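Content type PDB, C-alpha atoms, from the file run11.pdb:
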```pdb
ATOM      1  CA  MET A   1     -26.772  -2.460  -5.291
ATOM      2  CA  VAL A   2     -24.854   0.753  -5.959
ATOM      3  CA  GLU A   3     -22.692   0.045  -2.950
ATOM      4  CA  PHE A   4     -22.007  -3.493  -4.159
ATOM      5  CA  TRP A   5     -21.050  -2.118  -7.565
ATOM      6  CA  ASP A   6     -18.772   0.556  -6.146
ATOM      7  CA  GLN A   7     -17.034  -1.532  -3.556
ATOM      8  CA  TYR A   8     -16.677  -4.951  -5.106
ATOM      9  CA  LEU A   9     -17.640  -5.268  -8.726
ATOM     10  CA  LEU A  10     -15.869  -2.241 -10.159
ATOM     11  CA  PRO A  11     -12.497  -2.875  -8.473
ATOM     12  CA  THR A  12     -12.687  -6.530  -9.519
ATOM     13  CA  LEU A  13     -13.414  -5.566 -13.103
ATOM     14  CA  ILE A  14     -10.538  -3.077 -13.097
ATOM     15  CA  ILE A  15      -8.123  -5.718 -11.817
ATOM     16  CA  VAL A  16      -9.332  -8.260 -14.364
ATOM     17  CA  GLY A  17      -8.901  -5.630 -17.065
ATOM     18  CA  LYS A  18      -5.350  -4.920 -15.933
ATOM     19  CA  ILE A  19      -4.564  -8.631 -15.930
ATOM     20  CA  LEU A  20      -5.883  -8.940 -19.479
ATOM     21  CA  LEU A  21      -3.873  -5.871 -20.425
ATOM     22  CA  ILE A  22      -0.726  -7.719 -19.357
ATOM     23  CA  VAL A  23      -1.571 -11.268 -20.445
ATOM     24  CA  VAL A  24      -2.811 -10.569 -23.972
ATOM     25  CA  PRO A  25       0.263  -8.567 -25.100
ATOM     26  CA  MET A  26       2.426 -11.261 -23.507
ATOM     27  CA  LEU A  27       0.742 -13.985 -25.556
ATOM     28  CA  VAL A  28       1.140 -11.912 -28.709
ATOM     29  CA  ALA A  29       4.784 -11.268 -27.834
ATOM     30  CA  MET A  30       5.299 -14.970 -27.377
ATOM     31  CA  ALA A  31       3.761 -15.728 -30.768
ATOM     32  CA  TYR A  32       6.112 -13.243 -32.371
ATOM     33  CA  LEU A  33       9.034 -14.676 -30.403
ATOM     34  CA  THR A  34       8.644 -18.013 -32.201
ATOM     35  CA  LEU A  35       8.782 -16.154 -35.502
ATOM     36  CA  TYR A  36      11.737 -14.072 -34.328
ATOM     37  CA  GLU A  37      13.628 -17.201 -33.325
ATOM     38  CA  ARG A  38      13.042 -18.785 -36.727
ATOM     39  CA  LYS A  39      14.183 -15.655 -38.544
ATOM     40  CA  VAL A  40      17.301 -15.143 -36.468
ATOM     41  CA  MET A  41      18.364 -18.772 -36.648
ATOM     42  CA  GLY A  42      17.701 -18.874 -40.374
ATOM     43  CA  ALA A  43      19.844 -15.802 -40.871
ATOM     44  CA  MET A  44      22.643 -17.088 -38.658
ATOM     45  CA  GLN A  45      22.886 -20.483 -40.317
ATOM     46  CA  LEU A  46      22.491 -18.963 -43.791
ATOM     47  CA  ARG A  47      19.547 -21.188 -44.518
ATOM     48  CA  ARG A  48      17.180 -20.221 -47.241
ATOM     49  CA  GLY A  49      13.632 -20.819 -46.191
ATOM     50  CA  PRO A  50      12.816 -18.580 -43.268
ATOM     51  CA  ASN A  51      14.388 -15.678 -45.160
ATOM     52  CA  VAL A  52      12.492 -16.272 -48.354
ATOM     53  CA  VAL A  53       8.953 -16.604 -47.042
ATOM     54  CA  GLY A  54       8.820 -13.029 -45.795
ATOM     55  CA  SER A  55       6.151 -11.783 -43.464
ATOM     56  CA  TRP A  56       3.646 -14.452 -44.592
ATOM     57  CA  ASP A  57       5.615 -16.709 -42.319
ATOM     58  CA  PHE A  58       3.573 -15.484 -39.400
ATOM     59  CA  CYS A  59       0.414 -16.891 -40.959
ATOM     60  CA  SER A  60       2.035 -20.309 -41.204
ATOM     61  CA  HIS A  61       2.881 -20.055 -37.508
ATOM     62  CA  LEU A  62      -0.737 -19.347 -36.693
ATOM     63  CA  LEU A  63      -1.777 -22.317 -38.840
ATOM     64  CA  THR A  64       0.664 -24.572 -36.974
ATOM     65  CA  GLY A  65      -0.861 -23.428 -33.735
ATOM     66  CA  ARG A  66      -4.357 -24.066 -35.054
ATOM     67  CA  SER A  67      -3.529 -27.549 -36.278
ATOM     68  CA  CYS A  68      -1.880 -28.223 -32.914
ATOM     69  CA  SER A  69      -5.030 -27.335 -31.051
ATOM     70  CA  SER A  70      -7.389 -29.211 -33.360
ATOM     71  CA  ARG A  71      -5.473 -32.463 -33.386
ATOM     72  CA  LYS A  72      -6.608 -35.453 -31.355
ATOM     73  CA  ARG A  73      -5.241 -35.768 -27.843
ATOM     74  CA  LEU A  74      -3.333 -39.024 -27.413
ATOM     75  CA  SER A  75      -2.862 -40.718 -24.119
ATOM     76  CA  PRO A  76      -0.471 -43.549 -23.205
ATOM     77  CA  GLN A  77      -1.705 -46.909 -22.004
ATOM     78  CA  GLY A  78      -1.989 -47.974 -18.408
ATOM     79  CA  LEU A  79      -2.600 -44.597 -16.803
ATOM     80  CA  THR A  80      -4.274 -44.465 -13.458
ATOM     81  CA  SER A  81      -7.013 -41.908 -13.115
ATOM     82  CA  SER A  82      -4.976 -39.690 -10.815
ATOM     83  CA  SER A  83      -2.025 -39.505 -13.178
ATOM     84  CA  SER A  84      -4.265 -38.792 -16.149
ATOM     85  CA  CYS A  85      -5.714 -35.863 -14.215
ATOM     86  CA  LEU A  86      -2.218 -34.522 -13.757
ATOM     87  CA  ARG A  87      -1.655 -34.627 -17.483
ATOM     88  CA  GLN A  88      -3.919 -31.653 -17.992
TER      89      GLN A  88
ATOM     90  CA  MET B  89      -0.467 -26.214 -18.057
ATOM     91  CA  ILE B  90       1.194 -25.646 -14.692
ATOM     92  CA  THR B  91       4.382 -24.484 -16.391
ATOM     93  CA  PHE B  92       2.489 -22.091 -18.608
ATOM     94  CA  LEU B  93       0.339 -20.612 -15.847
ATOM     95  CA  LEU B  94       3.318 -20.138 -13.548
ATOM     96  CA  ALA B  95       5.161 -18.248 -16.252
ATOM     97  CA  LEU B  96       2.099 -16.035 -16.687
ATOM     98  CA  ILE B  97       1.364 -15.198 -13.048
ATOM     99  CA  ALA B  98       4.928 -14.110 -12.449
ATOM    100  CA  TRP B  99       4.281 -11.117 -14.712
ATOM    101  CA  ALA B 100       2.116  -9.599 -11.993
ATOM    102  CA  VAL B 101       5.100  -8.044 -10.241
ATOM    103  CA  ILE B 102       7.240  -7.068 -13.238
ATOM    104  CA  PRO B 103       7.385  -3.255 -13.536
ATOM    105  CA  PHE B 104       7.107  -2.266 -17.197
ATOM    106  CA  ASP B 105       7.507   1.428 -16.466
ATOM    107  CA  GLU B 106       7.533   3.673 -13.436
ATOM    108  CA  GLY B 107       4.330   2.711 -11.645
ATOM    109  CA  MET B 108       3.212   0.405 -14.477
ATOM    110  CA  VAL B 109       2.962  -2.767 -12.453
ATOM    111  CA  LEU B 110      -0.043  -4.867 -11.500
ATOM    112  CA  SER B 111       0.878  -5.345  -7.846
ATOM    113  CA  ASP B 112       3.810  -3.407  -6.446
ATOM    114  CA  ILE B 113       4.578  -5.744  -3.568
ATOM    115  CA  ASN B 114       7.567  -5.253  -1.341
ATOM    116  CA  VAL B 115       8.826  -8.818  -1.707
ATOM    117  CA  GLY B 116       8.710  -8.871  -5.515
ATOM    118  CA  VAL B 117      12.082 -10.544  -5.956
ATOM    119  CA  LEU B 118      11.194 -13.246  -3.468
ATOM    120  CA  TYR B 119       7.873 -13.808  -5.247
ATOM    121  CA  LEU B 120       9.604 -14.206  -8.609
ATOM    122  CA  PHE B 121      12.124 -16.606  -7.121
ATOM    123  CA  ALA B 122       9.359 -18.710  -5.544
ATOM    124  CA  ILE B 123       7.338 -18.822  -8.751
ATOM    125  CA  SER B 124      10.293 -19.826 -10.898
ATOM    126  CA  SER B 125      11.105 -22.593  -8.414
ATOM    127  CA  LEU B 126       7.585 -23.950  -8.736
ATOM    128  CA  GLY B 127       8.166 -24.386 -12.466
ATOM    129  CA  VAL B 128      10.002 -27.628 -11.678
ATOM    130  CA  TYR B 129       6.761 -29.242 -10.509
ATOM    131  CA  GLY B 130       5.039 -28.780 -13.855
ATOM    132  CA  ILE B 131       7.790 -30.678 -15.599
ATOM    133  CA  ILE B 132       8.344 -33.436 -13.057
ATOM    134  CA  VAL B 133       4.614 -34.139 -12.749
ATOM    135  CA  SER B 134       4.233 -34.281 -16.508
ATOM    136  CA  GLY B 135       7.139 -36.685 -16.831
ATOM    137  CA  TRP B 136       5.803 -38.951 -14.128
ATOM    138  CA  ALA B 137       2.249 -38.909 -15.432
ATOM    139  CA  SER B 138       3.380 -40.085 -18.865
ATOM    140  CA  ASN B 139       3.896 -43.577 -17.432
ATOM    141  CA  SER B 140       6.949 -44.235 -19.559
ATOM    142  CA  ARG B 141      10.713 -44.423 -19.081
ATOM    143  CA  TYR B 142      12.013 -41.701 -21.345
ATOM    144  CA  PRO B 143       9.703 -38.931 -20.165
ATOM    145  CA  PHE B 144      10.383 -39.840 -16.553
ATOM    146  CA  LEU B 145      14.124 -39.760 -17.097
ATOM    147  CA  GLY B 146      13.783 -36.447 -18.874
ATOM    148  CA  ALA B 147      11.722 -35.034 -16.032
ATOM    149  CA  LEU B 148      14.252 -36.159 -13.416
ATOM    150  CA  ARG B 149      17.079 -34.633 -15.388
ATOM    151  CA  SER B 150      15.160 -31.435 -15.757
ATOM    152  CA  ALA B 151      14.373 -31.274 -12.048
ATOM    153  CA  ALA B 152      18.012 -31.835 -11.073
ATOM    154  CA  GLN B 153      19.203 -29.259 -13.577
ATOM    155  CA  MET B 154      16.729 -26.566 -12.586
ATOM    156  CA  VAL B 155      17.327 -27.076  -8.869
ATOM    157  CA  SER B 156      21.110 -26.865  -9.193
ATOM    158  CA  TYR B 157      21.098 -23.712 -11.271
ATOM    159  CA  GLU B 158      18.513 -22.087  -9.043
ATOM    160  CA  VAL B 159      21.106 -22.001  -6.281
ATOM    161  CA  SER B 160      23.466 -19.809  -8.253
ATOM    162  CA  ILE B 161      20.551 -17.659  -9.470
ATOM    163  CA  GLY B 162      19.658 -17.120  -5.817
ATOM    164  CA  PHE B 163      23.170 -15.975  -4.965
ATOM    165  CA  VAL B 164      23.278 -13.620  -7.931
ATOM    166  CA  ILE B 165      19.977 -12.090  -6.866
ATOM    167  CA  ILE B 166      21.322 -11.691  -3.324
ATOM    168  CA  THR B 167      24.331  -9.800  -4.699
ATOM    169  CA  VAL B 168      22.073  -7.344  -6.497
ATOM    170  CA  LEU B 169      19.840  -7.007  -3.466
ATOM    171  CA  LEU B 170      22.830  -6.155  -1.286
ATOM    172  CA  CYS B 171      23.476  -3.133  -3.498
ATOM    173  CA  VAL B 172      19.833  -2.129  -3.731
ATOM    174  CA  GLY B 173      18.731  -2.628  -0.152
ATOM    175  CA  SER B 174      15.161  -3.475  -1.116
ATOM    176  CA  LEU B 175      13.217  -6.464  -2.426
ATOM    177  CA  ASN B 176      10.827  -4.278  -4.385
ATOM    178  CA  LEU B 177      11.436  -4.581  -8.121
ATOM    179  CA  SER B 178      10.672  -0.914  -8.789
ATOM    180  CA  ASP B 179      13.248   0.031  -6.171
ATOM    181  CA  VAL B 180      15.758  -2.255  -7.868
ATOM    182  CA  VAL B 181      15.348  -0.253 -11.056
ATOM    183  CA  LYS B 182      15.329   3.097  -9.258
ATOM    184  CA  ALA B 183      18.610   2.204  -7.538
ATOM    185  CA  GLN B 184      20.223   1.990 -10.978
ATOM    186  CA  GLU B 185      19.065   5.476 -11.912
ATOM    187  CA  GLY B 186      21.572   8.234 -12.641
ATOM    188  CA  GLY B 187      24.616   7.962 -14.860
ATOM    189  CA  GLY B 188      22.711   6.270 -17.664
ATOM    190  CA  ILE B 189      24.236   3.018 -18.888
ATOM    191  CA  LEU B 190      27.159   3.399 -16.475
ATOM    192  CA  GLY B 191      24.831   3.219 -13.499
ATOM    193  CA  TRP B 192      23.350  -0.148 -14.407
ATOM    194  CA  TYR B 193      24.375  -3.154 -12.401
ATOM    195  CA  PHE B 194      25.785  -5.186 -15.271
ATOM    196  CA  LEU B 195      29.003  -3.128 -15.128
ATOM    197  CA  PRO B 196      29.991  -3.467 -11.449
ATOM    198  CA  HIS B 197      28.604  -7.012 -11.350
ATOM    199  CA  PHE B 198      29.725  -8.129 -14.793
ATOM    200  CA  PRO B 199      30.717 -11.717 -13.788
ATOM    201  CA  MET B 200      27.400 -12.051 -11.982
ATOM    202  CA  PHE B 201      25.569 -10.859 -15.074
ATOM    203  CA  ILE B 202      27.201 -13.597 -17.137
ATOM    204  CA  ILE B 203      26.525 -16.243 -14.474
ATOM    205  CA  PHE B 204      22.916 -15.116 -14.238
ATOM    206  CA  PHE B 205      22.460 -15.303 -17.978
ATOM    207  CA  VAL B 206      23.960 -18.786 -18.273
ATOM    208  CA  SER B 207      21.894 -19.920 -15.294
ATOM    209  CA  ILE B 208      18.663 -18.704 -16.842
ATOM    210  CA  LEU B 209      19.587 -20.571 -20.011
ATOM    211  CA  ALA B 210      19.811 -23.711 -17.883
ATOM    212  CA  GLU B 211      16.728 -22.784 -15.899
ATOM    213  CA  THR B 212      14.527 -22.494 -18.979
ATOM    214  CA  ASN B 213      16.018 -25.684 -20.488
ATOM    215  CA  ARG B 214      17.333 -23.865 -23.525
ATOM    216  CA  HIS B 215      20.374 -24.725 -25.601
ATOM    217  CA  PRO B 216      23.129 -25.566 -24.770
ATOM    218  CA  PHE B 217      21.506 -27.007 -21.633
ATOM    219  CA  ASP B 218      18.476 -28.638 -23.246
ATOM    220  CA  LEU B 219      19.343 -32.083 -21.878
ATOM    221  CA  PRO B 220      15.839 -32.755 -20.543
ATOM    222  CA  GLU B 221      14.540 -32.916 -24.081
ATOM    223  CA  SER B 222      17.619 -34.081 -25.948
ATOM    224  CA  GLU B 223      16.263 -35.776 -29.040
ATOM    225  CA  ALA B 224      19.182 -38.118 -29.566
ATOM    226  CA  GLU B 225      19.070 -39.863 -26.185
ATOM    227  CA  LEU B 226      15.662 -39.314 -24.689
ATOM    228  CA  VAL B 227      13.496 -38.996 -27.821
ATOM    229  CA  ALA B 228      12.030 -35.740 -26.514
ATOM    230  CA  GLY B 229      12.247 -36.047 -22.756
ATOM    231  CA  TYR B 230       9.255 -35.206 -20.645
ATOM    232  CA  GLN B 231       7.093 -34.216 -23.590
ATOM    233  CA  THR B 232       7.373 -37.468 -25.551
ATOM    234  CA  GLU B 233       3.880 -38.654 -24.739
ATOM    235  CA  TYR B 234       2.178 -35.318 -25.242
ATOM    236  CA  SER B 235       0.376 -34.217 -28.342
ATOM    237  CA  SER B 236      -1.949 -31.478 -29.588
ATOM    238  CA  MET B 237      -2.860 -28.778 -27.075
ATOM    239  CA  ALA B 238      -1.033 -30.367 -24.155
ATOM    240  CA  PHE B 239       2.191 -30.229 -26.146
ATOM    241  CA  ALA B 240       1.435 -26.690 -27.290
ATOM    242  CA  LEU B 241       1.122 -25.618 -23.654
ATOM    243  CA  PHE B 242       4.613 -26.940 -22.903
ATOM    244  CA  PHE B 243       5.935 -25.117 -25.912
ATOM    245  CA  LEU B 244       4.207 -21.877 -24.947
ATOM    246  CA  GLY B 245       5.314 -22.302 -21.338
ATOM    247  CA  GLU B 246       8.939 -22.596 -22.401
ATOM    248  CA  TYR B 247       8.742 -19.458 -24.488
ATOM    249  CA  MET B 248       6.865 -17.533 -21.788
ATOM    250  CA  ASN B 249       9.596 -18.549 -19.371
ATOM    251  CA  MET B 250      12.225 -17.238 -21.759
ATOM    252  CA  ILE B 251      10.530 -13.847 -21.955
ATOM    253  CA  LEU B 252       9.999 -13.759 -18.201
ATOM    254  CA  MET B 253      13.588 -14.612 -17.370
ATOM    255  CA  SER B 254      14.861 -12.036 -19.857
ATOM    256  CA  GLY B 255      12.583  -9.511 -18.179
ATOM    257  CA  ILE B 256      14.008 -10.343 -14.753
ATOM    258  CA  CYS B 257      17.529 -10.091 -16.135
ATOM    259  CA  ALA B 258      16.721  -6.709 -17.713
ATOM    260  CA  ILE B 259      15.356  -5.414 -14.404
ATOM    261  CA  LEU B 260      18.185  -6.695 -12.236
ATOM    262  CA  PHE B 261      21.113  -5.815 -14.479
ATOM    263  CA  LEU B 262      20.080  -3.659 -17.416
ATOM    264  CA  GLY B 263      18.152  -0.978 -15.580
ATOM    265  CA  GLY B 264      14.579  -1.973 -16.452
ATOM    266  CA  TRP B 265      12.751   0.966 -18.005
ATOM    267  CA  LEU B 266      15.656   3.444 -17.754
ATOM    268  CA  PRO B 267      17.093   4.932 -20.963
ATOM    269  CA  PRO B 268      20.811   4.224 -21.648
ATOM    270  CA  VAL B 269      21.735   7.926 -21.726
ATOM    271  CA  ASP B 270      19.665  10.498 -19.893
ATOM    272  CA  ILE B 271      19.613  13.234 -22.557
ATOM    273  CA  ALA B 272      16.897  14.670 -24.761
ATOM    274  CA  PRO B 273      16.017  12.233 -27.564
ATOM    275  CA  PHE B 274      16.495   9.162 -25.373
ATOM    276  CA  ASN B 275      14.617  10.048 -22.227
ATOM    277  CA  MET B 276      11.577  11.137 -24.254
ATOM    278  CA  VAL B 277      10.988   7.553 -25.364
ATOM    279  CA  PRO B 278       8.524   5.886 -22.957
ATOM    280  CA  GLY B 279      10.091   3.480 -20.491
ATOM    281  CA  ILE B 280       8.095   0.480 -21.632
ATOM    282  CA  ILE B 281       9.802   0.701 -25.030
ATOM    283  CA  TRP B 282      13.228   0.660 -23.418
ATOM    284  CA  PHE B 283      12.170  -2.312 -21.327
ATOM    285  CA  ALA B 284      10.884  -4.143 -24.406
ATOM    286  CA  LEU B 285      14.088  -3.377 -26.303
ATOM    287  CA  LYS B 286      16.227  -4.750 -23.491
ATOM    288  CA  VAL B 287      14.117  -7.895 -23.300
ATOM    289  CA  ALA B 288      14.367  -8.302 -27.071
ATOM    290  CA  LEU B 289      18.144  -7.916 -26.881
ATOM    291  CA  LEU B 290      18.397 -10.638 -24.232
ATOM    292  CA  LEU B 291      16.074 -12.897 -26.239
ATOM    293  CA  PHE B 292      18.323 -12.376 -29.247
ATOM    294  CA  VAL B 293      21.252 -13.662 -27.191
ATOM    295  CA  PHE B 294      19.122 -16.677 -26.188
ATOM    296  CA  ILE B 295      18.600 -17.515 -29.857
ATOM    297  CA  TRP B 296      22.180 -16.675 -30.765
ATOM    298  CA  VAL B 297      23.405 -19.180 -28.191
ATOM    299  CA  ARG B 298      21.013 -21.771 -29.540
ATOM    300  CA  ALA B 299      22.218 -21.268 -33.108
ATOM    301  CA  THR B 300      25.881 -21.405 -32.134
ATOM    302  CA  LEU B 301      26.646 -23.854 -29.357
ATOM    303  CA  PRO B 302      26.486 -27.649 -29.203
ATOM    304  CA  ARG B 303      24.730 -29.384 -26.328
ATOM    305  CA  TYR B 304      26.506 -29.953 -23.007
ATOM    306  CA  ARG B 305      27.031 -33.410 -21.579
ATOM    307  CA  TYR B 306      25.115 -34.017 -18.390
ATOM    308  CA  ASP B 307      28.105 -34.405 -16.055
ATOM    309  CA  GLN B 308      29.664 -31.273 -17.531
ATOM    310  CA  LEU B 309      26.429 -29.445 -16.844
ATOM    311  CA  MET B 310      26.397 -30.520 -13.220
ATOM    312  CA  ARG B 311      30.066 -29.701 -12.823
ATOM    313  CA  LEU B 312      29.540 -26.225 -14.233
ATOM    314  CA  GLY B 313      26.623 -25.587 -11.922
ATOM    315  CA  TRP B 314      28.025 -26.879  -8.651
ATOM    316  CA  LYS B 315      31.803 -26.501  -9.004
ATOM    317  CA  VAL B 316      32.132 -23.298 -10.992
ATOM    318  CA  PHE B 317      29.068 -21.106 -10.642
ATOM    319  CA  LEU B 318      28.194 -21.860  -7.048
ATOM    320  CA  PRO B 319      31.643 -21.067  -5.517
ATOM    321  CA  LEU B 320      32.085 -18.060  -7.779
ATOM    322  CA  SER B 321      28.727 -16.524  -6.942
ATOM    323  CA  LEU B 322      29.180 -17.315  -3.259
ATOM    324  CA  PHE B 323      32.558 -15.538  -3.339
ATOM    325  CA  TRP B 324      31.000 -12.578  -5.103
ATOM    326  CA  VAL B 325      28.268 -12.275  -2.477
ATOM    327  CA  VAL B 326      30.907 -12.152   0.268
ATOM    328  CA  ALA B 327      33.082  -9.749  -1.736
ATOM    329  CA  THR B 328      30.178  -7.395  -2.422
ATOM    330  CA  ALA B 329      29.071  -7.428   1.183
ATOM    331  CA  GLY B 330      32.641  -6.806   2.348
ATOM    332  CA  PHE B 331      33.084  -3.956  -0.130
ATOM    333  CA  LEU B 332      29.838  -2.301   0.902
ATOM    334  CA  VAL B 333      30.698  -2.525   4.591
ATOM    335  CA  ALA B 334      34.338  -1.482   4.187
ATOM    336  CA  PHE B 335      33.509   1.643   2.198
ATOM    337  CA  ASP B 336      30.391   2.377   4.236
ATOM    338  CA  MET B 337      28.138   2.225   1.192
ATOM    339  CA  VAL B 338      25.456  -0.046   2.653
ATOM    340  CA  PRO B 339      22.108   1.316   1.412
TER     341      PRO B 339
END
```

Same coordinates, now as structure tokens:
Amino acid sequence: MVEFWDQYLLPTLIIVGKILLIVVPMLVAMAYLTLYERKVMGAMQLRRGPNVVGSWDFCSHLLTGRSCSSRKRLSPQGLTSSSSCLRQ
Amino acid sequence: MITFLLALIAWAVIPFDEGMVLSDINVGVLYLFAISSLGVYGIIVSGWASNSRYPFLGALRSAAQMVSYEVSIGFVIITVLLCVGSLNLSDVVKAQEGGGILGWYFLPHFPMFIIFFVSILAETNRHPFDLPESEAELVAGYQTEYSSMAFALFFLGEYMNMILMSGICAILFLGGWLPPVDIAPFNMVPGIIWFALKVALLLFVFIWVRATLPRYRYDQLMRLGWKVFLPLSLFWVVATAGFLVAFDMVP
């Protein structure tokens, strides 16, 4: 058991931890990138809106993401089963 | 989903700092190139599986566009590799060490830097090359039939790809984690911050281009890819190789 832990489980856990250490900051960075894009484009085109909302804007981004994930999944007519698998 | 996952797994070989890399493989550049080529499949499969004309047309356009610009990206990468002499991404950064900002490859290879940047704009389907999803002609291209989480994954995949491509560009041309000047206040900042700043700078240019330029026409896009970038990058590969051999600077 100790051998199994030392040789397989611990290295696997360390690698999974490293992967999470890369993936989670990347996802956060991507979320902020959408905000960054909105801010920069708003400033460049002199639009009011993105400039006025301030840092609360990020919350509205999170809400958009939440409503995106809770909405119903639509599917076009006439799909074969293989092509609907590919839509995942 | 495929697009998103591919953009994520490519991060495994990106060095954030000296030694800060998940797997320091010796064919890192080749791996990145292979993974970014696979990104085409995610889009073409999604367009085909929508069972509709507009998404399919958008997917075909996207496939043709990404394949043609990948050629010039390949040549640009070869040019950098000729100077580095290694396919390992950490070695690519280490080869740019010394001399601060003057040692980075965007100065000697300035035309290649520009070509690479325009090609990654086309590769990630960003403005002004966002023909696959042009709203006016194709409704929204390959993502017309997608909604909720499936659409969100496309969206996230596109943005992940942007960050990834900016990261590759920062490593190949802007010296990765190296500080711009190697004196006291600058080289005390950890390398990951310099890397993040360079990526943020490139992402700013991505957005700047989007806010400024109108969309290309499709034939102009193809002409730019095959008749301008391809011969120019091919010439630059030969010129670099000739220069390195003539002055005996081959690494």

Margin query: Given the PyMOL selection byres ((chain A and resi 23) around 12) and the file above, list the residues it selects as a VMD selection string.
Written below: (chain A and resid 16 to 22 24 to 30) or (chain B and resid 92 to 93 95 to 100 110 248)

Restrict the calculation to only C-alpha atoms, then for each residue of chain B with any atom at most 8 Å from an atom of chain A give the closest atom pair and their distance in Å to one decimal, rows by chain and rising residue number, as a tab-separated table.
```
residue	atom	partner	partner_atom	distance
B:Met89	CA	A:Gln88	CA	6.4
B:Leu96	CA	A:Val23	CA	7.1
B:Trp99	CA	A:Ile22	CA	7.6
B:Ala100	CA	A:Ile19	CA	7.8
B:Leu110	CA	A:Lys18	CA	6.9
B:Val133	CA	A:Leu86	CA	6.9
B:Ser134	CA	A:Arg87	CA	6.0
B:Trp136	CA	A:Ser83	CA	7.9
B:Ala137	CA	A:Ser83	CA	4.9
B:Ser138	CA	A:Pro76	CA	6.8
B:Asn139	CA	A:Leu79	CA	6.6
B:Glu233	CA	A:Pro76	CA	6.7
B:Tyr234	CA	A:Leu74	CA	7.0
B:Ser235	CA	A:Arg73	CA	5.8
B:Ser236	CA	A:Cys68	CA	4.7
B:Met237	CA	A:Ser69	CA	4.8
B:Ala238	CA	A:Gln88	CA	6.9
B:Ala240	CA	A:Cys68	CA	6.7
B:Leu244	CA	A:Met30	CA	7.4
B:Tyr247	CA	A:Met30	CA	6.4
B:Met248	CA	A:Met30	CA	6.3
B:Ile251	CA	A:Met30	CA	7.6
B:Phe292	CA	A:Val40	CA	7.8
B:Ile295	CA	A:Glu37	CA	6.1
B:Trp296	CA	A:Met41	CA	7.3
B:Ala299	CA	A:Met41	CA	5.8
```

Notebook entry, point to check: With all atoms listed in the file as the basis for distance, which of B:Leu209, B:Val338, B:Val316, B:Leu169 is at the shortest distance from Phe261 (chain B)?
Noted result: B:Leu169

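Between CA of Asn176 (chain B) and CA of Gly107 (chain B) the interatomic distance comes to 12.0 Å.
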
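For the residues B:Ile208, B:Trp324, B:Ser125, B:Ala288, ranking by smallest atom-to-atom distance to Tyr32 (chain A) using all atoms listed in the file places B:Ala288 first.
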
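From CA of Asn249 (chain B) back to CA of Leu301 (chain B), the distance works out to 20.5 Å.
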
Picked residues, the PyMOL selection byres ((chain B and resi 154-164) around 9), expected as a tab-separated table (two decimals) with C-alpha atoms, in the coordinates of the input:
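Produced file result.tsv, reproduced below:
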```tsv
chain	number	residue	atom	x	y	z
B	121	PHE	CA	12.12	-16.61	-7.12
B	124	SER	CA	10.29	-19.83	-10.90
B	125	SER	CA	11.10	-22.59	-8.41
B	127	GLY	CA	8.17	-24.39	-12.47
B	128	VAL	CA	10.00	-27.63	-11.68
B	149	ARG	CA	17.08	-34.63	-15.39
B	150	SER	CA	15.16	-31.44	-15.76
B	151	ALA	CA	14.37	-31.27	-12.05
B	152	ALA	CA	18.01	-31.84	-11.07
B	153	GLN	CA	19.20	-29.26	-13.58
B	165	ILE	CA	19.98	-12.09	-6.87
B	166	ILE	CA	21.32	-11.69	-3.32
B	167	THR	CA	24.33	-9.80	-4.70
B	168	VAL	CA	22.07	-7.34	-6.50
B	169	LEU	CA	19.84	-7.01	-3.47
B	200	MET	CA	27.40	-12.05	-11.98
B	201	PHE	CA	25.57	-10.86	-15.07
B	203	ILE	CA	26.52	-16.24	-14.47
B	204	PHE	CA	22.92	-15.12	-14.24
B	207	SER	CA	21.89	-19.92	-15.29
B	208	ILE	CA	18.66	-18.70	-16.84
B	210	ALA	CA	19.81	-23.71	-17.88
B	211	GLU	CA	16.73	-22.78	-15.90
B	212	THR	CA	14.53	-22.49	-18.98
B	213	ASN	CA	16.02	-25.68	-20.49
B	310	MET	CA	26.40	-30.52	-13.22
B	313	GLY	CA	26.62	-25.59	-11.92
B	314	TRP	CA	28.02	-26.88	-8.65
B	317	PHE	CA	29.07	-21.11	-10.64
B	318	LEU	CA	28.19	-21.86	-7.05
B	319	PRO	CA	31.64	-21.07	-5.52
B	320	LEU	CA	32.08	-18.06	-7.78
B	321	SER	CA	28.73	-16.52	-6.94
B	322	LEU	CA	29.18	-17.32	-3.26
B	324	TRP	CA	31.00	-12.58	-5.10
B	325	VAL	CA	28.27	-12.28	-2.48
```

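Atom to atom, CA of Ile131 (chain B) and CA of Leu219 (chain B) stand 13.2 Å apart.
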